[in-house]
Amino acid sequence: MPRPTRCRRIAQLPTYRSFSPDEIEPSEEVILSIDEYEALRLLDGENLTQEECASRMNIARTTVTAIYDSARKKIADVIVNGKRLLIAGGCCEYEPVKVNQNIMDKRSSSMRIAVTYENGEIFQHFGHTEQFKLYDIEDGKIVGQQVIDTNGSGHGALAGFLNAVKADVLICGGIGMGAQMALSDAGIRLCAGVSGSADEAAKAFAAGKLEFGTDANCNCHDHHHDDDCGHDHCGEHHSEDHHCRCH
């Protein structure tokens, strides 16, 4: 049997997830994985040696070499042949985010949802939220709740923050595509385009009746890309491994 792929430790998720040439509409796209992005960021962005990069990513130096070579070939293909670059996927584990507050214990039988929160309502701009309200759900009922501060985390770090507080699901208003992809990479399910009372949304989710609409666009200036979330119902428990995300 082949050896299982060792997850690569990622310290910083990309803020910008897609790049395209201005002159043409690309007919092809190239997928740069998150671990390939991280190797480029550490080696070329921070000027680390391959040994230092290997230590940061918790992998062998030879693996760093292979990842870096693959990333450079993909970047060359994009630039030379006018293709779209999309950063997504990979076999990654995310460096824990330090949470400077006490978080309620989560039981193994609970599903934890986080709601962007301000004065009892669902805050409508994910990247600027200063608080989340956490709800633990068991058997269709809310069994615990807590308001927590985001510690000043910007949109690029909020997915890691939610991962650190063991959130399974995010309910929010507007959210950009980059943040949506970061949540997906972290294994956090998204219910976007929701407004009104945070408590009522949590109750609806627990009952499997939460509707999330088509308007999930976030027009904040710090998102380069917007998207719609579609229309669906949330409430089913999907078990995910929040630590190693291999795509």
# chains A, B, ... in the order shown; residues from 1 in each chain; ligands from 1
$ residues_around --residues "Tyr94 in chain A" --least-positions-apart "2" --cutoff "12 Å" --atoms "only C-alpha atoms" --output "number ranges by chain"
A: 7-13, 34-35, 38, 56-58, 90-92, 96-97, 157, 159-164, 182-183, 185-187, 241-246
$ write_last_selection --atoms "N, CA and C atoms" --output "short mmCIF file (atom, residue, chain, number, x, y, z; two decimals), in the first residue's frame"
data_model
loop_
_atom_site.label_atom_id
_atom_site.label_comp_id
_atom_site.auth_asym_id
_atom_site.auth_seq_id
_atom_site.Cartn_x
_atom_site.Cartn_y
_atom_site.Cartn_z
N CYS A 7 0.01 15.55 5.93
CA CYS A 7 -0.58 16.88 5.82
C CYS A 7 0.47 17.96 6.03
N ARG A 8 0.34 19.03 5.25
CA ARG A 8 1.29 20.13 5.31
C ARG A 8 0.72 21.24 6.18
N ARG A 9 1.52 21.75 7.11
CA ARG A 9 1.05 22.77 8.03
C ARG A 9 1.02 24.13 7.33
N ILE A 10 -0.12 24.79 7.42
CA ILE A 10 -0.33 26.08 6.77
C ILE A 10 -0.50 27.15 7.83
N ALA A 11 0.35 28.19 7.77
CA ALA A 11 0.28 29.26 8.76
C ALA A 11 -0.63 30.39 8.33
N GLN A 12 -0.78 30.59 7.02
CA GLN A 12 -1.54 31.75 6.54
C GLN A 12 -2.31 31.39 5.28
N LEU A 13 -3.62 31.51 5.32
CA LEU A 13 -4.43 31.26 4.15
C LEU A 13 -4.32 32.42 3.17
N ILE A 34 -3.20 24.88 -1.79
CA ILE A 34 -2.86 25.73 -0.66
C ILE A 34 -1.43 25.47 -0.20
N ASP A 35 -1.00 24.21 -0.19
CA ASP A 35 0.36 23.91 0.24
C ASP A 35 1.39 24.42 -0.78
N GLU A 38 1.63 28.05 0.00
CA GLU A 38 2.40 28.27 1.23
C GLU A 38 3.90 28.14 0.99
N ARG A 56 8.68 24.75 9.01
CA ARG A 56 7.43 25.49 9.19
C ARG A 56 6.23 24.68 8.72
N MET A 57 6.40 23.94 7.62
CA MET A 57 5.30 23.17 7.05
C MET A 57 5.21 21.76 7.60
N ASN A 58 6.19 21.37 8.45
CA ASN A 58 6.19 20.07 9.10
C ASN A 58 6.28 18.91 8.09
N GLY A 90 -5.60 20.86 -1.56
CA GLY A 90 -4.33 20.44 -1.01
C GLY A 90 -4.54 19.58 0.23
N CYS A 91 -3.46 18.98 0.71
CA CYS A 91 -3.53 18.14 1.90
C CYS A 91 -2.91 18.95 3.04
N CYS A 92 -3.75 19.62 3.82
CA CYS A 92 -3.27 20.65 4.74
C CYS A 92 -3.84 20.48 6.14
N PRO A 96 -2.78 26.25 14.52
CA PRO A 96 -3.81 26.72 15.46
C PRO A 96 -3.73 28.23 15.70
N VAL A 97 -4.90 28.85 15.80
CA VAL A 97 -4.99 30.26 16.13
C VAL A 97 -5.19 30.37 17.65
N ALA A 157 -7.92 35.61 8.60
CA ALA A 157 -7.64 34.74 9.74
C ALA A 157 -8.90 34.18 10.39
N ALA A 159 -11.26 32.18 9.37
CA ALA A 159 -11.51 30.75 9.20
C ALA A 159 -10.68 29.96 10.20
N GLY A 160 -9.43 30.36 10.40
CA GLY A 160 -8.60 29.70 11.40
C GLY A 160 -9.12 29.91 12.80
N PHE A 161 -9.65 31.08 13.07
CA PHE A 161 -10.24 31.38 14.38
C PHE A 161 -11.44 30.47 14.63
N LEU A 162 -12.32 30.34 13.64
CA LEU A 162 -13.49 29.48 13.79
C LEU A 162 -13.08 28.02 13.96
N ASN A 163 -12.04 27.62 13.27
CA ASN A 163 -11.52 26.27 13.44
C ASN A 163 -11.03 26.07 14.87
N ALA A 164 -10.36 27.10 15.41
CA ALA A 164 -9.80 26.99 16.76
C ALA A 164 -10.87 26.87 17.82
N ALA A 182 -11.87 29.74 2.05
CA ALA A 182 -11.10 29.48 3.26
C ALA A 182 -11.89 28.62 4.23
N LEU A 183 -13.17 28.90 4.37
CA LEU A 183 -14.02 28.09 5.24
C LEU A 183 -14.12 26.66 4.73
N ASP A 185 -11.88 25.10 2.94
CA ASP A 185 -10.60 24.46 3.21
C ASP A 185 -10.48 24.03 4.67
N ALA A 186 -11.10 24.79 5.57
CA ALA A 186 -11.04 24.48 6.99
C ALA A 186 -12.12 23.48 7.41
N GLY A 187 -12.96 23.05 6.48
CA GLY A 187 -13.99 22.06 6.80
C GLY A 187 -15.19 22.63 7.53
N ASP A 241 -13.47 16.42 9.49
CA ASP A 241 -12.20 16.51 10.20
C ASP A 241 -11.68 17.92 10.02
N HIS A 242 -11.60 18.68 11.09
CA HIS A 242 -11.23 20.07 11.00
C HIS A 242 -9.73 20.30 10.98
N HIS A 243 -8.96 19.23 11.03
CA HIS A 243 -7.53 19.43 11.16
C HIS A 243 -6.79 19.14 9.86
N CYS A 244 -7.10 18.06 9.23
CA CYS A 244 -6.41 17.74 7.98
C CYS A 244 -7.41 17.71 6.85
N ARG A 245 -7.22 18.62 5.90
CA ARG A 245 -8.15 18.74 4.79
C ARG A 245 -7.45 18.34 3.51
N CYS A 246 -7.66 17.12 3.03
CA CYS A 246 -7.04 16.64 1.80
C CYS A 246 -8.07 16.63 0.70
#
$ residues_around --residues "Lys74 in chain A" --least-positions-apart "4" --cutoff "12 Å" --atoms "only C-alpha atoms" --output "JSON, numbers by chain"
{"A": [29, 30, 31, 32, 33, 36, 37, 40, 67, 68, 69, 70, 78, 79, 80, 81, 82, 83, 84, 85, 86, 87]}
$ residues_around --residues "Arg189 in chain A" --least-positions-apart "2" --cutoff "7 Å" --atoms "only C-alpha atoms" --output "PDB file with N, CA and C atoms, in the first residue's frame"
ATOM      1  N   ASP A 168     -18.427  23.987  13.573  1.00  0.00           N
ATOM      2  CA  ASP A 168     -18.734  23.103  12.449  1.00  0.00           C
ATOM      3  C   ASP A 168     -19.422  23.850  11.316  1.00  0.00           C
ATOM      4  N   VAL A 169     -20.162  24.904  11.672  1.00  0.00           N
ATOM      5  CA  VAL A 169     -21.014  25.622  10.717  1.00  0.00           C
ATOM      6  C   VAL A 169     -20.893  27.113  11.003  1.00  0.00           C
ATOM      7  N   LEU A 170     -20.938  27.931   9.933  1.00  0.00           N
ATOM      8  CA  LEU A 170     -21.023  29.383  10.085  1.00  0.00           C
ATOM      9  C   LEU A 170     -22.330  29.863   9.475  1.00  0.00           C
ATOM     10  N   SER A 184     -14.251  26.514   3.419  1.00  0.00           N
ATOM     11  CA  SER A 184     -14.316  25.183   2.835  1.00  0.00           C
ATOM     12  C   SER A 184     -13.030  24.413   3.100  1.00  0.00           C
ATOM     13  N   GLY A 187     -12.964  23.054   6.482  1.00  0.00           N
ATOM     14  CA  GLY A 187     -13.992  22.060   6.796  1.00  0.00           C
ATOM     15  C   GLY A 187     -15.186  22.627   7.528  1.00  0.00           C
ATOM     16  N   CYS A 191     -23.647  28.735   5.824  1.00  0.00           N
ATOM     17  CA  CYS A 191     -25.009  29.162   5.530  1.00  0.00           C
ATOM     18  C   CYS A 191     -24.977  30.687   5.474  1.00  0.00           C
TER      19      CYS A 191
END
$ atom_distance --atom1 "CA of Met177 in chain A" --atom2 "CA of Ser20 in chain A"
15.1 Å
$ atom_distance --atom1 "CA of Glu130 in chain A" --atom2 "CA of Ala114 in chain A"
12.6 Å
$ atom_distance --atom1 "CA of Gln180 in chain A" --atom2 "CA of Ile113 in chain A"
15.6 Å
$ residues_around --residues "Ala201 in chain A" --least-positions-apart "2" --cutoff "10 Å" --atoms "only C-alpha atoms" --output "ChimeraX atom specification"
/A:115,121-122,171-172,194-199,203-207,209-212
$ write_last_selection --atoms "C-alpha atoms" --output "compact mmCIF listing (two decimals), in the first residue's frame"
# COMPACT_ATOMS: atom_id res chain seq x y z
CA VAL A 115 -23.06 33.25 13.93
CA GLU A 121 -28.53 40.41 15.20
CA ILE A 122 -26.60 38.59 12.48
CA ILE A 171 -24.22 31.40 9.70
CA CYS A 172 -23.62 34.89 8.33
CA VAL A 194 -29.04 35.20 6.47
CA SER A 195 -30.30 38.24 8.38
CA GLY A 196 -32.30 39.03 11.53
CA SER A 197 -32.05 37.61 15.03
CA ALA A 198 -29.03 35.39 15.70
CA ASP A 199 -30.96 33.35 18.29
CA LYS A 203 -33.13 27.78 16.54
CA ALA A 204 -34.17 27.40 12.90
CA PHE A 205 -30.89 25.69 12.10
CA ALA A 206 -31.30 23.30 15.02
CA ALA A 207 -34.76 22.39 13.72
CA LYS A 209 -35.54 24.82 8.90
CA LEU A 210 -33.02 27.61 8.34
CA GLU A 211 -33.30 29.08 4.86
CA PHE A 212 -30.35 30.94 3.47
$ residues_around --residues "range 98-109 of chain A" --least-positions-apart "3" --cutoff "8 Å" --atoms "only C-alpha atoms" --output "list in words"
Arg112, Asp136, Glu138, Gln146, Ile148, Asn151, Phe161, Ala164, Val165 and Lys166 of chain A
$ write_last_selection --atoms "N, CA and C atoms" --output "tab-separated table (two decimals), in the first residue's frame"
chain	number	residue	atom	x	y	z
A	112	ARG	N	-21.42	22.43	16.65
A	112	ARG	CA	-21.26	23.84	17.05
A	112	ARG	C	-21.42	24.75	15.85
A	136	ASP	N	-24.16	25.38	20.68
A	136	ASP	CA	-23.98	23.93	20.59
A	136	ASP	C	-25.36	23.27	20.49
A	138	GLU	N	-27.68	19.66	20.07
A	138	GLU	CA	-27.82	18.21	20.19
A	138	GLU	C	-29.29	17.84	20.05
A	146	GLN	N	-22.67	31.02	23.71
A	146	GLN	CA	-21.65	31.91	24.23
A	146	GLN	C	-21.30	32.95	23.18
A	148	ILE	N	-18.41	35.43	21.82
A	148	ILE	CA	-16.95	35.53	21.90
A	148	ILE	C	-16.47	36.64	20.99
A	151	ASN	N	-10.93	38.80	18.58
A	151	ASN	CA	-9.56	39.21	18.88
A	151	ASN	C	-8.94	40.04	17.76
A	161	PHE	N	-9.65	31.08	13.07
A	161	PHE	CA	-10.24	31.38	14.38
A	161	PHE	C	-11.44	30.47	14.63
A	164	ALA	N	-10.36	27.10	15.41
A	164	ALA	CA	-9.80	26.99	16.76
A	164	ALA	C	-10.87	26.87	17.82
A	165	VAL	N	-12.04	27.48	17.59
A	165	VAL	CA	-13.13	27.38	18.58
A	165	VAL	C	-14.06	26.20	18.28
A	166	LYS	N	-13.64	25.35	17.34
A	166	LYS	CA	-14.32	24.08	17.02
A	166	LYS	C	-15.70	24.28	16.40
$ select_by_dssp --residues "range 60-102 of chain A" --states "strand (DSSP E or B)" --output "ChimeraX atom specification"
/A:84-87,91-94
$ write_last_selection --atoms "N, CA and C atoms" --output "CSV table (one decimal), in the first residue's frame"
chain,number,residue,atom,x,y,z
A,84,ARG,N,-6.3,31.2,-16.2
A,84,ARG,CA,-6.7,31.6,-14.9
A,84,ARG,C,-6.1,30.8,-13.8
A,85,LEU,N,-5.7,31.5,-12.7
A,85,LEU,CA,-5.1,30.8,-11.6
A,85,LEU,C,-6.1,30.8,-10.4
A,86,LEU,N,-6.4,29.6,-9.9
A,86,LEU,CA,-7.3,29.4,-8.8
A,86,LEU,C,-6.5,28.7,-7.7
A,87,ILE,N,-6.5,29.3,-6.5
A,87,ILE,CA,-5.8,28.7,-5.3
A,87,ILE,C,-6.8,28.0,-4.4
A,91,CYS,N,-3.5,19.0,0.7
A,91,CYS,CA,-3.5,18.1,1.9
A,91,CYS,C,-2.9,18.9,3.0
A,92,CYS,N,-3.7,19.6,3.8
A,92,CYS,CA,-3.3,20.6,4.7
A,92,CYS,C,-3.8,20.5,6.1
A,93,GLU,N,-3.1,20.9,7.1
A,93,GLU,CA,-3.5,21.1,8.5
A,93,GLU,C,-3.2,22.6,8.8
A,94,TYR,N,-4.1,23.2,9.5
A,94,TYR,CA,-4.0,24.7,9.7
A,94,TYR,C,-3.4,25.0,11.1
$ residues_around --residues "Val64 in chain A" --least-positions-apart "2" --cutoff "8 Å" --atoms "only C-alpha atoms" --output "ChimeraX atom specification"
/A:39,50,53-54,59-62,66-68
$ residues_around --residues "Glu118 in chain A" --least-positions-apart "5" --cutoff "10 Å" --atoms "only C-alpha atoms" --output "list in words"
Phe123, Gln124, Thr129, Glu130, Gln131, Phe132, Lys133, Val147, Ser197 and Ala198 of chain A
$ write_last_selection --atoms "C-alpha atoms" --output "compact mmCIF listing (two decimals), in the first residue's frame"
# COMPACT_ATOMS: atom_id res chain seq x y z
CA PHE A 123 -23.78 40.96 11.47
CA GLN A 124 -23.82 41.34 7.71
CA THR A 129 -17.26 40.95 12.41
CA GLU A 130 -15.97 41.64 15.90
CA GLN A 131 -17.99 38.95 17.63
CA PHE A 132 -19.41 35.50 17.01
CA LYS A 133 -22.14 33.81 19.00
CA VAL A 147 -20.67 35.28 22.71
CA SER A 197 -32.05 37.61 15.03
CA ALA A 198 -29.03 35.39 15.70
$ closest_residue --among "A:Thr65, A:Ala167, A:Gly193, A:Asn119" --to "Leu43 in chain A" --atoms "only C-alpha atoms"
A:Thr65
$ select_by_dssp --residues "range 177-219 of chain A" --states "helix (DSSP H, G or I)" --output "list in words"
Met177, Gly178, Ala179, Gln180, Met181, Ala182, Leu183, Ser184, Asp185, Ala198, Asp199, Glu200, Ala201, Ala202, Lys203, Ala204, Phe205 and Ala206 of chain A
